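Working notes, beginning with the structure itself.
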Amino acid sequence: MITSLAILASGNGSNAENIVRFFMSSPDVNVSLILTNSQKAFALQRARNLGIPCAYFSKEFWQDGHAILNLLQSYQIGFVVLAGFLAKIPDVILQAYHHRMINIHPSLLPLHGGKGMYGDRVHEDVLRCGDKESGITIHYTSEVYDAGQIIAQYRCEVKPDDTPETLASRVHALEYEYYPRVIERLLSSLEK
Ligand code: GRF
């Protein structure tokens, strides 16, 4: 049976596009929907270019959750992937997609996570703390930001002359390489 994925993204959407492209030739997985909480998200443009249905929902809808859950269910979404999504997930969606919704964070959680820790702020914090390594964490979503059960972590070096930008690009490379593969692995274990 084909699993339909939804991707939630608030910004650039490079991970969203990478995931769409990874599964384009898959007989088992179809990215069916891209949702955002930001009208300005470049992820919307990427979705249109890729021919993936997409929708923007304003803050009130993300606070309530029911209309979004209805849409997910009408697309028979079996698994939800957050990729740079910055709004809080409503409880009604968390419950409906328990252990079927994951997030990626651009650091080695629990380090440099929590509310307000996103984008370059994370990399700035890593550099400020003098960490010798950073990386990515893929985890289940929960009511608390960045605190859900960890599924996988991948590491990279922090170089002495790194800026937030150079570190971000090393971390992004890990995201592009591993996020789709982890999704694929989780989906195949769900099917068994
Ligand atoms: C990624 O670094 C991801 O880990 C974080 O937000 C960033 C999104 O980048 N949650 P993009 O929008 O996929 O380019």
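Following the order of the structure tokens, chains are lettered A, B, ..., residues in each are numbered from 1, and ligands are numbered from 1.
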
Using only C-alpha atoms and all ligand atoms, find each residue of chain A with at least one atom at most 7 Å away from an atom of ligand 1; report its shortest atom-to-atom pair and that distance in Å (one decimal), sort the rows by chain and rising residue number, and return the result as CSV.
```
residue,atom,partner,partner_atom_place_in_ligand_line,distance
A:Ala9,CA,ligand 1,12 (O),6.5
A:Ser10,CA,ligand 1,12 (O),6.8
A:Gly11,CA,ligand 1,12 (O),4.7
A:Asn12,CA,ligand 1,12 (O),3.8
A:Gly13,CA,ligand 1,12 (O),3.6
A:Ser14,CA,ligand 1,14 (O),3.7
A:Asn15,CA,ligand 1,13 (O),3.6
A:Ala16,CA,ligand 1,13 (O),5.8
A:Ala83,CA,ligand 1,13 (O),5.4
A:Gly84,CA,ligand 1,6 (O),3.4
A:Phe85,CA,ligand 1,10 (N),6.3
A:Ile104,CA,ligand 1,4 (O),4.9
A:His105,CA,ligand 1,4 (O),4.2
A:Pro106,CA,ligand 1,4 (O),4.1
A:Tyr118,CA,ligand 1,5 (C),6.3
A:Gly119,CA,ligand 1,6 (O),5.6
A:Ile136,CA,ligand 1,4 (O),6.9
A:His172,CA,ligand 1,2 (O),5.8
A:Glu175,CA,ligand 1,4 (O),6.8
```

Give the helix (DSSP H, G or I) residues of stretch 11-187 of chain A, as assigned by DSSP on the backbone, as a ChimeraX atom specification. /A:14-23,42-50,59-64,66-74,91-96,120-128,164-187

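Proximity of A:Asn37, A:Thr3, A:Asn30, A:Asn18 to A:Glu177, computed with only C-alpha atoms, is greatest for A:Asn18.
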
Name the residues in contact with A:His99 at a cut-off of 9 Å, using only C-alpha atoms, excluding same-chain residues fewer than 5 positions from it; report them as an MDAnalysis selection string. chainID A and resid 79 94 140:141

How about saving the chosen residues, N, CA, C and O atoms kept, as a PDB file, in the first residue's frame?
```
ATOM      1  N   PHE A  79       1.516   9.825   7.283  1.00  0.00           N
ATOM      2  CA  PHE A  79       2.746  10.187   8.000  1.00  0.00           C
ATOM      3  C   PHE A  79       3.033  11.658   7.735  1.00  0.00           C
ATOM      4  O   PHE A  79       2.870  12.121   6.605  1.00  0.00           O
ATOM      5  N   LEU A  94      -1.362  16.155  17.026  1.00  0.00           N
ATOM      6  CA  LEU A  94      -0.360  15.319  17.718  1.00  0.00           C
ATOM      7  C   LEU A  94      -0.944  13.958  18.078  1.00  0.00           C
ATOM      8  O   LEU A  94      -0.304  12.922  17.909  1.00  0.00           O
ATOM      9  N   TYR A 140      10.531  12.215  17.132  1.00  0.00           N
ATOM     10  CA  TYR A 140       9.070  12.293  17.093  1.00  0.00           C
ATOM     11  C   TYR A 140       8.635  13.637  17.673  1.00  0.00           C
ATOM     12  O   TYR A 140       9.308  14.179  18.550  1.00  0.00           O
ATOM     13  N   THR A 141       7.535  14.162  17.180  1.00  0.00           N
ATOM     14  CA  THR A 141       7.026  15.412  17.732  1.00  0.00           C
ATOM     15  C   THR A 141       6.292  15.120  19.049  1.00  0.00           C
ATOM     16  O   THR A 141       5.776  14.022  19.255  1.00  0.00           O
TER      17      THR A 141
END
```

I'd like the contact shell of A:Gln76 - 9 Å cut-off, only C-alpha atoms, skipping same-chain residues fewer than 3 positions apart - returned as a PyMOL selection string. chain A and resi 3-5+32+71-73

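In this comparison, which uses only C-alpha atoms, the residue of A:Leu187, A:Ala67, A:Ala152, A:Ala87 approaching A:Met101 most closely is A:Leu187.
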
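Between A:Phe57 and the candidates A:Ala41, A:Thr36, A:Ile183, A:Pro90, the tightest atom-to-atom separation, counting only C-alpha atoms, involves A:Thr36.
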
Of the candidates A:His112, A:Gln63, A:Ser142, A:Asn49, which shows the shortest atom-to-atom distance to A:Ala96, using only C-alpha atoms? A:Ser142

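Distance annotation: of A:Gln95, A:Ser74, A:Ser188, A:Ser107, the residue with the minimal separation from A:Cys156 is A:Ser107; atom set is only C-alpha atoms.
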
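The interatomic distance for the pair atom CA of A:Asn70 and atom CA of A:Arg48 works out to 21.7 Å.
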
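Interatomic distance, atom CA of A:Val92 to atom CA of A:Glu17: 26.7 Å.
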
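With only C-alpha atoms as the atoms that count, the residue of A:Val171, A:Ile89, A:Ala47, A:Val80 with the shortest distance to A:His123 is A:Val171.
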
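Atom CA of A:His66 is found 17.3 Å from atom CA of A:Cys54.
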
Which residues are close to A:Glu157, i.e. within 7 Å by only C-alpha atoms, leaving aside same-chain residues fewer than 3 positions away? Reply as a list in words. Lys132, Glu133 and Ser134 of chain A
